[in-house]
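Single-structure report; data block below.
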Amino acid sequence: MKIAIISDIHANTLALEAVLNQINSLKVDKIFCLGDILMAGYDPNGTAKIILELGNLEIIQGNTDKMVACFSQELLEKAKNKFPCMGYALEDDLKIVDEKYKKFVKNLPENKYIEINGLKIQLVHGSPRKQDENIYPNTPTEEIEKMVENSSANLIFCGHTHLPCGYSLESGKTVVNVGSIGRSMTQDKMPCWAMLEINDNGTFQIEHKTVKYDNKKVSEIIKSRNFKHSDDLAKMYV
C-alpha cells in the first residue's frame with residue numbers, strides 16, 4: 001500500500017496542486033494530512049476546497065487551524081506580539097475564510113491512530129504530546145523519546161516545523177517529520193512530503209519527496225495582500 005503524507009499547506013494552492021499532481025502520478029492508495037490548511041498564505045478557501053474533495057483522506061487539525069477556528073481577540077494580540085507577520089496574517093485571513101471551512105477545521109481531531117497490516121500509525125501535528133511542539137532535524141533523540149513515550153504507535157508522522165527529518169528511536173518507534181507543502185523551510189523552499197509504502201507483513205519504507213513550483217509568484221501574491229508585515233511573510237517563500 002502506498003500512502004502520501006502531507007502537512008502545513010498554509011493556504012498555498014499553487015504548491016498543493018503541484019504536490020497532488022506528483023502524488024497522482026505515483027498512484028497512491030491514501031493521503032494523510034497533518035493539518036495547517038488555512039492560515040498565512042494567499043488562498044485559504046481554495047486549499048480547503050481541494051482538501052475536502054480528496055478521496056481516501058485521513059486528516060487532523062494543525063495548530064494554526066485551531067487559531068482560525070477558535071479565534072479570540074486575546075489570541076490575536078498574543079500572536080501579533082510573538083510573531084507579528086503571523087498575527088497580522090491571521091487577522092486578514094479571518095476576513096476571507098468561509099465559515100464552512102472554519103467549522104471543518106474546528107471539528108478535526110488533534111491526532112489520530114490508524115492500523116494497516118498490523119502497523120500502528122499515529123498522525124500528529126507537532127508531537128504526540130503537544131500540537132505545537134517542535135521536532136527538528138537536530139532535536140536530541142532523548143527529547144523525542146519523551147515526546148512519544150505515551151504513544152502506542154510504531155510509526156509517528158508529524159509536521160509543524162516545516163523541516164523534514166526522521167528518527168529511529170531506541171524504544172523501537174519511528175518518528176518522521178514530513179516537512180511542509182505550503183511554506184517549506186528547506187534551503188530551496190520547495191514543497192516537501194513523505195511517501196509511505198507498507199508491505200503485507202507490516203514492514204515499511206519511507207521516502208521524502210519534493211517538487212518544484214513557482215514560489216516567487218506566491219511570494220509576490222502574498223506581498224500584494226498588503227496587510228501589516230505581509231512583506232515579511234512573503235520573504236519566507238524565496
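All residue names refer to the C-alpha cells as shown: chains lettered A, B, ... in order, residues numbered from 1 in each chain, ligands numbered from 1 in order.
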>> Applying 6 Å and only C-alpha atoms, which residues near stretch 61-66 of chain A remain after dropping the ones on its own chain fewer than 6 positions away? List them as an NGL selection string.
In response: :A and (35-36 or 105 or 108-110 or 125 or 132)
>> Please return, as a ChimeraX atom specification, all residues of stretch 59-199 of chain A that DSSP assigns to helix (DSSP H, G or I) on the basis of the backbone.
In response: /A:63-69,73-82,84-96,99-106,141-148
> Rounded to one decimal in Å, what is the spacing between atom CA of A:Ser230 and atom CA of A:Asn45?
Replying inline: 18.6 Å
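Among the candidates A:His10, A:Lys216, A:Arg225, A:Lys95, the one nearest to A:Thr47 when counting only C-alpha atoms is A:His10.
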> Could you name the residues that touch A:Asp200 at 10 Å or less, counting only C-alpha atoms, but leaving out those on the same chain fewer than 6 positions away, as a ChimeraX atom specification?
Replying inline: /A:1,116-119
Residue selection dump (C-alpha atoms) as a PDB file, in the first residue's frame:
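Written file, out.pdb:
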```pdb
ATOM      1  CA  MET A   1       0.000   0.000   0.000  1.00  0.00           C
ATOM      2  CA  ILE A 116      -2.652  -1.067   8.492  1.00  0.00           C
ATOM      3  CA  ASN A 117      -1.325  -4.636   8.091  1.00  0.00           C
ATOM      4  CA  GLY A 118      -0.512  -4.732  11.809  1.00  0.00           C
ATOM      5  CA  LEU A 119       1.447  -1.450  11.662  1.00  0.00           C
TER       6      LEU A 119
END
```
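Each of A:Gly172, A:Ile3, A:Asn215, A:Ala234 was compared to A:Leu57 using only C-alpha atoms, and A:Ile3 turns out to be the nearest.
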